[in-house]
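K.L.:
My structure is below; once you've seen it, I'll send some questions.
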Amino acid sequence: MNKPEEGISQPPSHSTFQESRSVYPLLPLRDVVVFPFMVVPLFVGRKKSIRSIEEAMLRDRKIVLCAQKQAKTDDPDVTELYETGTIAEILQLLKLPDGILKILVEGTTRVKITKFGKREDFFEGETEEVTATDEKSIETQALMRNVIGFFEQYIKLNKKIPLEVIMVANNVEEPGRLADIITAHLTLKVEEKQEILEAFDPKARLNKIASILNRELEIMMVEKKIRGQVRKQMEQIQKEYYLREQMKAIQKELGEGEDRIEEMEELKKAIAKAKMPEEAREKAEKELSKLSKMPPGSAEATVSRNYVDWLISLPWAKSTKDKIEIDKAEIILDEDHYGLKKVKERILEFLAVCKLKKSLKGPILCLIGPPGVGKTSLGRSIARSMNRKFARISLGGMRDEAEIRGHRRTYIGALPGRIIQALRDCGTRNPVILLDEIDKMGNDFRGDPGSALLEVLDPEQNSTFSDHFIATPFDLSKVLFLTTANVPHSIPPALKDRLEIVFLPGYTEEEKVEIAKRYLLPKQKEANGIDKNKIVFEDESVRQIIRQYTRESGVRSLEREIAAVSRKIARKLISVSKPSAEEISVTPESLKGYLGVAKFHSDKKEEKHEIGIATGLAWTEVGGAILPIEVVIMPGRGKITLTGSLGNVMKESAMAGISYLRSHAEELRMRPINYDKIDLHIHFPEGGVPKDGPSAGITIATAIYSALNEVPINKDFAMTGEITLRGKVLPVGGIKEKLLAAHRHGITNIILSVDNEKDLEEIPEEIRNNLTISKVRNASEVLKLALVGEPKQTPLVLKGYTEKKKNDKDMSSEKDSEDDA
């Protein structure tokens, strides 16, 4: 560390221009530039710097001082040193107890470092001494007087410089020496001082200093003006404070300030009644003390009062008593939701563990499923079964971390985060808080809410949750947090690690019918003021609404359509002059009059066995569907065309199926085929709907085999499974939804991988009994089951290809004849 203490000495000045080259030890300096004629104490602690001083003492006590370009660098390289420095003579050397050297140096001459040398343990440099001649022209004398005038004004405004310095400056006659003395006393950056050191011409030096002094004087004048304004403002504030204190005393004597005093007493009692922790209570009392001394109408008083009110309103010690009865909880879940057997079992297990442990420290449930399947209402049911208050916080589209942690009180309109607000609204410290749509959070320059939730959802950390507005820890360990999402891949990985994911499947058609009968129809009848005996929905009408007017995994659209029918019936009941006492029945035939033309048309299975058309099974976010795949063969050059808005995975499945068939042609008893003379076109209907995934692998392979070998595919078969190049059939997902779709379309025979057998337990028994499910390991088994008849063994001859070729030949012969004629 180098610490300068600047002084002045007056050695004789040089009057001639000289150049001489010498090698001296070199001492890099941090945050200081030493000029000629300066006497400066330096503290030296770096090993290389100490060695440079020791080397200089062994020689002639002379050393080159040069500044570093980066002061923070502890071990600078030669490229990080300025090339202009000062030769100084070491006047004194003192070793301190901690190993640091204190030296007193006197600058003598400017030098240009022409070559840097670096020994093992210190720097040295070859220098060229440059001493310019001081010319005393009229212009130079005028410049000197101008600089001295600026310097006098600078000293008057800057009280840190002693007045004796101006007397020394007035007695200096050499321009270069004057410039160096004045620069030594200016508070400048290292870069600016270095520029002056590198100015060898005295006149140029004085011009730079004049410009710098003029700039500094302007800045100091503005600072003086600002200090005057601040002082005047402070005097005004003190005056107003004194007058207000007088007004308080007068109001107290007149008995007019009792309301304010009573208000402070009420707040004090409320703080004591809130049973806050020691830290929070101390902050509340301190803020109340500040509030009592503030003017009631001031902005600061409003902020302080708001803060105290928030501290008082929080449920520091209020909580509801848990009443966890598993049988009762099961009844509540069954009352509020139909189906969802596995989800209910997991929730009941969670509640049972909570009751046995008498603690909530455990995994936080994350309910993931498509929209409208009852994730949010499940949270309400859990709260009701535990006898707790319920709060829902929507995280969809949230991008500001302050929504979770709150705003700091320095901002106008600052509020606590949504967690603290929910606790205040519930009035207890142990509610059930549902964090809805956790997969739809964002982040931007305002922070990442997902990262802020890490502390909230971690049982080991949330006992000392700190909100920026409250600025004191609040215990969230008693809160039961639940989260919901539509898809798992959008949840931040660190957040997902703290959650136990419970998947909610979409409802089957039968489940939707039951939900409509038990919940939706009574709800809409009541909402539209219709007597429950005035309207009757047939089960088939509900099924038709599900199939032709909705396409979803949940029941929101179904409820909207039922509401539309109920409104039209309500209008019908009111519009007749004499309302009929008879009930109105909603039949499948009358639905079109209520809801208009059907919005969706479900796919139908093939009416007869077809060549090149296989039926696959697909899964979407709104449930299962059948997926017909068509293959045609044309004369060509071996081109394969895939259409139907397909993703990369599905395209790769098609290529894998083709490769399997070609590589196992003899084993599969395929006819002789010249693939270089045919084109394959594989099409997936409904081209506007994007499709992807590997589950159509065996379906594509079956359709291609059928088209190439002219063997029909059984229309009553549907299949799903991924195919490998060796023909293995791999398991796929969405089995429940896919089989329900097959059953809905009247398909009775299903082919799937043997490894999907475990998924069949999720299928309702009445549907499983109506299906014949074949479990296969290899694609050859699929072909044996799905094909009707034997593959043809004659070489492939495309219809129309021979005739076309003959016609082309005849036309060519006719043309040649015409040319000859």
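Here, A, B, ... name the chains of the structure tokens in the order displayed, residue numbers run from 1 inside each chain, and ligands are numbered from 1 in the same displayed order.
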Fewer than 3 positions away in the same chain doesn't count, so skip those; otherwise give me all residues within 9 Å of Ala786 of chain A, counting only C-alpha atoms, as an MDAnalysis selection string.
P.N.:
chainID A and resid 614 702 712:719 751 781:783
K.L.:
Report as a ChimeraX atom specification all protein, DNA and RNA residues lying within 8 Å of Thr641 of chain A, evaluated on only C-alpha atoms, omitting residues in the same chain fewer than 5 positions from it.
P.N.:
/A:679-682
K.L.:
Write out as number ranges by chain all residues of segment 453-516 of chain A that DSSP puts in strand (DSSP E or B) for this structure's backbone.
P.N.:
A: 465-466, 473-474, 480-485, 499-503
K.L.:
Kindly save the residues from that selection, with N, CA and C atoms included, as a compact mmCIF listing (two decimals), in the first residue's frame.
P.N.:
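As a result, selection.txt now contains:
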# COMPACT_ATOMS: atom_id res chain seq x y z
N PHE A 465 -39.31 -16.75 7.33
CA PHE A 465 -39.55 -16.04 6.08
C PHE A 465 -39.56 -14.54 6.33
N SER A 466 -38.82 -13.81 5.51
CA SER A 466 -38.70 -12.36 5.69
C SER A 466 -39.30 -11.66 4.48
N PRO A 473 -38.82 -11.49 10.54
CA PRO A 473 -39.19 -12.87 10.20
C PRO A 473 -40.63 -13.22 10.60
N PHE A 474 -41.30 -13.99 9.73
CA PHE A 474 -42.63 -14.51 10.02
C PHE A 474 -42.60 -16.01 9.79
N LEU A 480 -50.14 -24.80 5.36
CA LEU A 480 -50.15 -25.93 4.45
C LEU A 480 -50.20 -25.37 3.02
N PHE A 481 -49.11 -25.53 2.29
CA PHE A 481 -49.04 -25.05 0.92
C PHE A 481 -49.40 -26.18 -0.04
N LEU A 482 -50.23 -25.84 -1.02
CA LEU A 482 -50.54 -26.73 -2.14
C LEU A 482 -50.27 -25.95 -3.43
N THR A 483 -49.88 -26.64 -4.48
CA THR A 483 -49.63 -25.97 -5.75
C THR A 483 -50.36 -26.71 -6.86
N THR A 484 -50.65 -25.98 -7.94
CA THR A 484 -51.30 -26.60 -9.09
C THR A 484 -50.56 -26.18 -10.35
N ALA A 485 -50.66 -27.00 -11.39
CA ALA A 485 -50.03 -26.70 -12.68
C ALA A 485 -50.73 -27.53 -13.74
N LEU A 499 -41.33 -30.31 -4.55
CA LEU A 499 -42.73 -30.68 -4.68
C LEU A 499 -42.88 -32.18 -4.90
N GLU A 500 -43.99 -32.72 -4.41
CA GLU A 500 -44.37 -34.09 -4.76
C GLU A 500 -45.51 -33.99 -5.76
N ILE A 501 -45.27 -34.45 -6.97
CA ILE A 501 -46.22 -34.26 -8.06
C ILE A 501 -47.28 -35.36 -8.04
N VAL A 502 -48.55 -34.93 -8.09
CA VAL A 502 -49.70 -35.85 -8.17
C VAL A 502 -50.44 -35.51 -9.45
N PHE A 503 -50.48 -36.47 -10.38
CA PHE A 503 -51.12 -36.21 -11.68
C PHE A 503 -52.62 -36.47 -11.59
K.L.:
Go through A:Ser753, A:Gln141, A:Ser706, A:Ser541 and flag the residue nearest His609 of chain A, using only C-alpha atoms for the distances.
P.N.:
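Result for the nearest residue to His609 of chain A: A:Ser706.
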K.L.:
Would you mind reading off the distance between atom CA of Glu83 of chain A and atom CA of Cys66 of chain A, one decimal, in Å?
P.N.:
7.5 Å
K.L.:
Check the smallest atom-to-atom distance from each of A:Ala696, A:Val147, A:Ile161, A:Ala422 to Ile209 of chain A using only C-alpha atoms, then report the winner.
P.N.:
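The answer is A:Val147, which sits nearest to Ile209 of chain A.
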K.L.:
Name all residues at most 8 Å from Glu106 of chain A (count only C-alpha atoms; drop same-chain ones fewer than 5 positions away) and give them as a list in words.
P.N.:
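What passes the distance filter is Ser9, Pro36, Phe37, Met38, Val39, Val40, Ala88, Glu89, Ile90 and Leu91 of chain A.
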K.L.:
Quick one: DSSP alpha helix (DSSP H) residues in segment 350-463 of chain A, as a PyMOL selection string?
P.N.:
chain A and resi 350-357+375-386+402-405+418-426+449-456
K.L.:
Between A:Lys375, A:Arg726, A:Arg399, A:Arg424, which one has atoms that come closest to Asn486 of chain A, using only C-alpha atoms?
P.N.:
A:Lys375
K.L.:
Could you tell me how far atom CA of Arg21 of chain A lies from atom CA of Thr114 of chain A, in Å and to one decimal?
P.N.:
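Pair atom CA of Arg21 of chain A / atom CA of Thr114 of chain A returns 8.9 Å.
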